[in-house]
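What follows is a single structure, written as structure tokens, with notes after it.
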Amino acid sequence: MLRQIFVGSAGLRAGWSVLSFIALLALFGCAAVWVSPDLKNTPGIVSPAFALVRESVLLAVILLATAVMARIEGRSVWSYGLRGPATHVLYGSAWGFFFLSLLIALMTALHVLVFDKRLLYGGQALESGVVWALTFFVVAISEETLFRGYVLATLARGIGFWPAAIILAVGFGAAHLRNHSEDFLGVAVVALGGVLFSLFLRLSTSLWWGIGFHGAWDWGQSFFYGTNDSGYAIQGHLLQSHPVGDVRLSGGNVGPEGSALVLVVFCLALMVMPVVIKKSIRQSQSLPAIEPA
């Protein structure tokens with residue numbers, strides 16, 4: 001009788017698996033903070049060194065917890081959305097930067113975002129751009145594997161994919177409440193982004209589309225266009241810009257994600273991306289996968 005509470009026909013029941021994963025995250029996360037207490041404090045202006053170290057540690061914690069649960073369940077750590085052709089990352093990155101640029105263009109046309117000047121040139125611009133690209137790629141892997149990796153795959157086993165995806169999208173948005181200057185609209189936009197990335201996963205069976213889109217979107221905001229990202233600014237961005245006018249359109253201190261215009265862009269992405277992903281999958285089925293042999 002007691003065994004039936006914890007174990008079903010597919011092994012450890014989904015709820016207990018998710019709770020075990022969360023417990024492992026807390027354990028490994030506390031250990032990381034104990035080793036380096038500064039990791040839990042995010043400055044108002046983020047340096048590339050701090051961001052890369054903190055996000056790499058977070059990614060290590062998530063992958064370690066995933067690996068432990070995969071071992072318990074007798075599965076590969078790659079089986080939770082980390083399989084797929086390498087081109088998925090590139091395609092996702094291109095479309096993420098495209099839709100972010102579309103949002104920036106709308107904000108500029110409506111005069112709610114103004115560009116002041118270019119800050120970096122030559123080798124300095126290239127070096128900073130590469131470092132921040134690597135950093136935001138790590139950020140994207142961390143957040144996608146956390147909210148749409150093991151937990152989504154396991155929760156979907158218990159309640160179905162879309163109920164699980166919506167619950168985790170809300171959690172994804174709520175997690176951004178800790179960000180500096182984040183507001184309700186910004187959180188709602190992040191949650192909608194979670195639904196969008198879940199759709200990518202559902203269509204492609206891979207997290208790599210969402211990782212590419214997510215990373216390029218953040219890189220475009222923070223480094224290329226020099227706007228705030230969920231209330232945070234970074235050191236070493238290419239362009240300098242500032243919001244003006246109605247905060248509902250400009251996003252204010254939150255950045256473009258706090259603008260109502262992002263809802264228009266995300267809705268467009270929800271219509272366009274399924275067609276794009278289905279077409280790209282047909283073209284890339286014969287290409288080598290990311291998973292090692």
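Within each chain, counting starts at residue 1; across the structure tokens, chains are named A, B, ... in the order shown, with ligands numbered 1 upward in that order.
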Spatial neighbours of Ala125 in chain A, 9 Å, only C-alpha atoms, chain gap at least 6 places, as a list in words: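 Returned residues: Leu119, Gly236, His237 and Leu238 of chain A.
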Could you write those residues out with N, CA and C atoms, as a short mmCIF file (atom, residue, chain, number, x, y, z; two decimals), in the first residue's frame?
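result14.cif, written as the output of this step:
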```cif
data_model
loop_
_atom_site.label_atom_id
_atom_site.label_comp_id
_atom_site.auth_asym_id
_atom_site.auth_seq_id
_atom_site.Cartn_x
_atom_site.Cartn_y
_atom_site.Cartn_z
N LEU A 119 28.74 53.02 -28.17
CA LEU A 119 29.74 53.08 -27.10
C LEU A 119 31.00 52.29 -27.41
N GLY A 236 29.41 47.23 -20.64
CA GLY A 236 29.98 46.87 -21.93
C GLY A 236 28.97 46.57 -23.01
N HIS A 237 27.94 47.43 -23.17
CA HIS A 237 26.98 47.23 -24.25
C HIS A 237 27.34 48.09 -25.46
N LEU A 238 26.87 47.68 -26.63
CA LEU A 238 27.27 48.31 -27.88
C LEU A 238 26.67 49.69 -28.08
#
```
So which residues of range 62-274 of chain A fall under strand (DSSP E or B) by DSSP, listed as a list in words?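 Taking range 62-274 of chain A and keeping strand (DSSP E or B) gives Pro85, Leu113, Val114, Phe115, Asp116, Lys117, Arg118, Asp229, Tyr232, Ala233, Ile234, Leu239, Gln240, Ser241, His242 and Pro243 of chain A.
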Can you tell me how far CA of Arg248 in chain A sits from CA of Trp217 in chain A, in Å to one decimal?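 Between CA of Arg248 in chain A and CA of Trp217 in chain A the gap is 20.1 Å.
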Any idea what's packed within 12 Å of range 162-178 of chain A, counting only C-alpha atoms, ignoring anything in its chain fewer than 4 positions away? Could you give it as a JSON list (two decimals) with N, CA and C atoms, in the first residue's frame?
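Below is the file result-v8.json, written as the result:
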```json
[["chain", "number", "residue", "atom", "x", "y", "z"],
["A", 14, "ALA", "N", 5.15, 11.09, -10.64],
["A", 14, "ALA", "CA", 5.62, 12.38, -11.13],
["A", 14, "ALA", "C", 5.77, 13.42, -10.03],
["A", 15, "GLY", "N", 4.79, 13.49, -9.13],
["A", 15, "GLY", "CA", 4.84, 14.49, -8.06],
["A", 15, "GLY", "C", 6.06, 14.30, -7.16],
["A", 18, "VAL", "N", 9.28, 15.31, -9.02],
["A", 18, "VAL", "CA", 9.47, 16.76, -9.08],
["A", 18, "VAL", "C", 9.95, 17.29, -7.73],
["A", 40, "LYS", "N", 24.56, 35.22, -4.60],
["A", 40, "LYS", "CA", 23.14, 35.48, -4.39],
["A", 40, "LYS", "C", 22.79, 36.96, -4.49],
["A", 41, "ASN", "N", 23.77, 37.83, -4.62],
["A", 41, "ASN", "CA", 23.52, 39.27, -4.68],
["A", 41, "ASN", "C", 23.80, 39.79, -6.09],
["A", 42, "THR", "N", 22.76, 40.27, -6.78],
["A", 42, "THR", "CA", 22.91, 40.78, -8.14],
["A", 42, "THR", "C", 23.03, 42.30, -8.10],
["A", 142, "SER", "N", 20.30, 27.52, -18.77],
["A", 142, "SER", "CA", 19.91, 27.37, -17.37],
["A", 142, "SER", "C", 18.40, 27.46, -17.22],
["A", 143, "GLU", "N", 17.81, 28.53, -17.75],
["A", 143, "GLU", "CA", 16.38, 28.77, -17.54],
["A", 143, "GLU", "C", 15.52, 27.77, -18.31],
["A", 144, "GLU", "N", 15.95, 27.41, -19.51],
["A", 144, "GLU", "CA", 15.16, 26.45, -20.29],
["A", 144, "GLU", "C", 15.22, 25.05, -19.69],
["A", 145, "THR", "N", 16.39, 24.62, -19.23],
["A", 145, "THR", "CA", 16.48, 23.29, -18.61],
["A", 145, "THR", "C", 15.77, 23.26, -17.26],
["A", 146, "LEU", "N", 15.73, 24.40, -16.57],
["A", 146, "LEU", "CA", 15.07, 24.44, -15.28],
["A", 146, "LEU", "C", 13.55, 24.39, -15.43],
["A", 147, "PHE", "N", 13.00, 25.21, -16.34],
["A", 147, "PHE", "CA", 11.55, 25.33, -16.46],
["A", 147, "PHE", "C", 10.94, 24.45, -17.54],
["A", 148, "ARG", "N", 11.75, 23.98, -18.49],
["A", 148, "ARG", "CA", 11.18, 23.16, -19.57],
["A", 148, "ARG", "C", 12.01, 21.91, -19.83],
["A", 149, "GLY", "N", 12.84, 21.54, -18.86],
["A", 149, "GLY", "CA", 13.62, 20.33, -18.96],
["A", 149, "GLY", "C", 13.01, 19.20, -18.15],
["A", 150, "TYR", "N", 13.73, 18.76, -17.12],
["A", 150, "TYR", "CA", 13.28, 17.62, -16.32],
["A", 150, "TYR", "C", 11.90, 17.83, -15.72],
["A", 151, "VAL", "N", 11.67, 19.01, -15.14],
["A", 151, "VAL", "CA", 10.40, 19.23, -14.43],
["A", 151, "VAL", "C", 9.22, 19.16, -15.39],
["A", 152, "LEU", "N", 9.33, 19.79, -16.56],
["A", 152, "LEU", "CA", 8.22, 19.75, -17.51],
["A", 152, "LEU", "C", 7.98, 18.33, -18.02],
["A", 153, "ALA", "N", 9.06, 17.63, -18.37],
["A", 153, "ALA", "CA", 8.92, 16.26, -18.87],
["A", 153, "ALA", "C", 8.26, 15.36, -17.81],
["A", 154, "THR", "N", 8.63, 15.56, -16.56],
["A", 154, "THR", "CA", 8.11, 14.71, -15.48],
["A", 154, "THR", "C", 6.69, 15.09, -15.10],
["A", 155, "LEU", "N", 6.43, 16.40, -14.97],
["A", 155, "LEU", "CA", 5.09, 16.85, -14.62],
["A", 155, "LEU", "C", 4.09, 16.50, -15.71],
["A", 156, "ALA", "N", 4.54, 16.57, -16.97],
["A", 156, "ALA", "CA", 3.67, 16.22, -18.09],
["A", 156, "ALA", "C", 3.26, 14.76, -18.03],
["A", 157, "ARG", "N", 4.13, 13.93, -17.46],
["A", 157, "ARG", "CA", 3.81, 12.51, -17.29],
["A", 157, "ARG", "C", 2.61, 12.32, -16.36],
["A", 158, "GLY", "N", 2.44, 13.26, -15.43],
["A", 158, "GLY", "CA", 1.36, 13.15, -14.46],
["A", 158, "GLY", "C", 0.08, 13.86, -14.85],
["A", 182, "GLU", "N", 11.15, 45.01, -11.89],
["A", 182, "GLU", "CA", 10.18, 44.22, -12.65],
["A", 182, "GLU", "C", 8.77, 44.58, -12.23],
["A", 183, "ASP", "N", 7.82, 44.62, -13.20],
["A", 183, "ASP", "CA", 6.43, 44.94, -12.88],
["A", 183, "ASP", "C", 5.52, 43.83, -13.40],
["A", 184, "PHE", "N", 4.21, 44.01, -13.19],
["A", 184, "PHE", "CA", 3.25, 42.96, -13.54],
["A", 184, "PHE", "C", 3.27, 42.63, -15.02],
["A", 185, "LEU", "N", 3.32, 43.67, -15.87],
["A", 185, "LEU", "CA", 3.32, 43.44, -17.31],
["A", 185, "LEU", "C", 4.57, 42.66, -17.72],
["A", 186, "GLY", "N", 5.71, 43.05, -17.15],
["A", 186, "GLY", "CA", 6.95, 42.34, -17.46],
["A", 186, "GLY", "C", 6.87, 40.87, -17.08],
["A", 187, "VAL", "N", 6.28, 40.58, -15.93],
["A", 187, "VAL", "CA", 6.12, 39.19, -15.48],
["A", 187, "VAL", "C", 5.18, 38.44, -16.42],
["A", 188, "ALA", "N", 4.08, 39.10, -16.83],
["A", 188, "ALA", "CA", 3.13, 38.47, -17.74],
["A", 188, "ALA", "C", 3.79, 38.16, -19.08],
["A", 189, "VAL", "N", 4.65, 39.06, -19.54],
["A", 189, "VAL", "CA", 5.35, 38.86, -20.80],
["A", 189, "VAL", "C", 6.31, 37.67, -20.70],
["A", 190, "VAL", "N", 7.01, 37.58, -19.58],
["A", 190, "VAL", "CA", 7.92, 36.45, -19.37],
["A", 190, "VAL", "C", 7.14, 35.14, -19.36],
["A", 191, "ALA", "N", 5.98, 35.14, -18.70],
["A", 191, "ALA", "CA", 5.14, 33.94, -18.67],
["A", 191, "ALA", "C", 4.68, 33.56, -20.07],
["A", 192, "LEU", "N", 4.31, 34.57, -20.88],
["A", 192, "LEU", "CA", 3.91, 34.30, -22.27],
["A", 192, "LEU", "C", 5.09, 33.75, -23.05],
["A", 193, "GLY", "N", 6.29, 34.27, -22.76],
["A", 193, "GLY", "CA", 7.49, 33.72, -23.37],
["A", 193, "GLY", "C", 7.67, 32.26, -23.00],
["A", 194, "GLY", "N", 7.34, 31.90, -21.76],
["A", 194, "GLY", "CA", 7.41, 30.50, -21.34],
["A", 194, "GLY", "C", 6.48, 29.62, -22.15],
["A", 195, "VAL", "N", 5.29, 30.12, -22.47],
["A", 195, "VAL", "CA", 4.36, 29.38, -23.31],
["A", 195, "VAL", "C", 4.93, 29.22, -24.72],
["A", 196, "LEU", "N", 5.53, 30.30, -25.23],
["A", 196, "LEU", "CA", 6.15, 30.27, -26.56],
["A", 196, "LEU", "C", 7.27, 29.24, -26.63],
["A", 197, "PHE", "N", 8.14, 29.22, -25.61],
["A", 197, "PHE", "CA", 9.25, 28.27, -25.60],
["A", 197, "PHE", "C", 8.74, 26.84, -25.42],
["A", 198, "SER", "N", 7.64, 26.68, -24.68],
["A", 198, "SER", "CA", 7.04, 25.34, -24.53],
["A", 198, "SER", "C", 6.49, 24.86, -25.87],
["A", 199, "LEU", "N", 5.95, 25.79, -26.67],
["A", 199, "LEU", "CA", 5.47, 25.44, -28.00],
["A", 199, "LEU", "C", 6.63, 24.97, -28.88],
["A", 200, "PHE", "N", 7.76, 25.68, -28.78],
["A", 200, "PHE", "CA", 8.96, 25.26, -29.52],
["A", 200, "PHE", "C", 9.33, 23.82, -29.15],
["A", 201, "LEU", "N", 9.32, 23.53, -27.86],
["A", 201, "LEU", "CA", 9.66, 22.19, -27.37],
["A", 201, "LEU", "C", 8.67, 21.17, -27.88],
["A", 202, "ARG", "N", 7.40, 21.50, -27.83],
["A", 202, "ARG", "CA", 6.35, 20.57, -28.26],
["A", 202, "ARG", "C", 6.49, 20.23, -29.74],
["A", 229, "ASP", "N", 17.13, 44.82, -19.23],
["A", 229, "ASP", "CA", 16.52, 43.50, -19.40],
["A", 229, "ASP", "C", 15.96, 43.09, -18.05],
["A", 230, "SER", "N", 14.63, 43.12, -17.93],
["A", 230, "SER", "CA", 13.96, 42.82, -16.65],
["A", 230, "SER", "C", 14.50, 43.69, -15.53],
["A", 231, "GLY", "N", 14.79, 44.95, -15.84],
["A", 231, "GLY", "CA", 15.23, 45.91, -14.83],
["A", 231, "GLY", "C", 16.72, 46.00, -14.64],
["A", 232, "TYR", "N", 17.51, 45.15, -15.31],
["A", 232, "TYR", "CA", 18.96, 45.15, -15.14],
["A", 232, "TYR", "C", 19.66, 45.69, -16.37],
["A", 254, "VAL", "N", 12.11, 48.77, -16.64],
["A", 254, "VAL", "CA", 12.08, 47.33, -16.87],
["A", 254, "VAL", "C", 12.80, 46.99, -18.17],
["A", 257, "GLU", "N", 10.81, 44.48, -22.36],
["A", 257, "GLU", "CA", 9.88, 43.45, -21.88],
["A", 257, "GLU", "C", 8.76, 44.03, -21.03],
["A", 258, "GLY", "N", 8.90, 45.28, -20.59],
["A", 258, "GLY", "CA", 7.85, 45.93, -19.83],
["A", 258, "GLY", "C", 6.91, 46.74, -20.70]]
```
Which residues of range 206-245 of chain A come within 9 Å of range 103-108 of chain A, and for each one, what is the closest pair of atoms and their distance in Å to one decimal, counting only C-alpha atoms, sorted by chain and residue number, as a Markdown table?
```
| residue | atom | partner | partner_atom | distance |
| --- | --- | --- | --- | --- |
| A:Gln221 | CA | A:Ile104 | CA | 8.7 |
| A:Tyr225 | CA | A:Ile104 | CA | 8.2 |
| A:Pro243 | CA | A:Met107 | CA | 8.9 |
```
Hey, which of A:Ile22, A:Val68, A:Ser79, A:Leu110 ends up closest to Gly245 in chain A? Count only C-alpha atoms.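 Of A:Ile22, A:Val68, A:Ser79, A:Leu110, the one nearest Gly245 in chain A, counting only C-alpha atoms, is A:Leu110.
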Just list the residues in range 162-291 of chain A DSSP gives helix (DSSP H, G or I) on the backbone, as a ChimeraX atom specification. /A:162-178,184-204,208-224,247-250,252-254,256-258,261-284
Find the residues around Met69 in chain A up to 10 Å (only C-alpha atoms counted), leave out those fewer than 2 positions away in its own chain, and share them as a ChimeraX atom specification. /A:17-18,20-21,24,63-67,71-77,150
When you look at Ser128 in chain A with a cut-off of 12 Å (counting only C-alpha atoms), what residues show up, excluding the ones that are within fewer than 5 positions of it in the same chain? I need them as a list in words. Ser47, Pro48, Ala49, Leu119, Leu120, Tyr121, Gly122, Gly123, Ala133, Leu134, Thr135, Trp219, Ser222, Phe223, Phe224, Ile234, Gln235, Gly236, His237, Leu238 and Leu239 of chain A
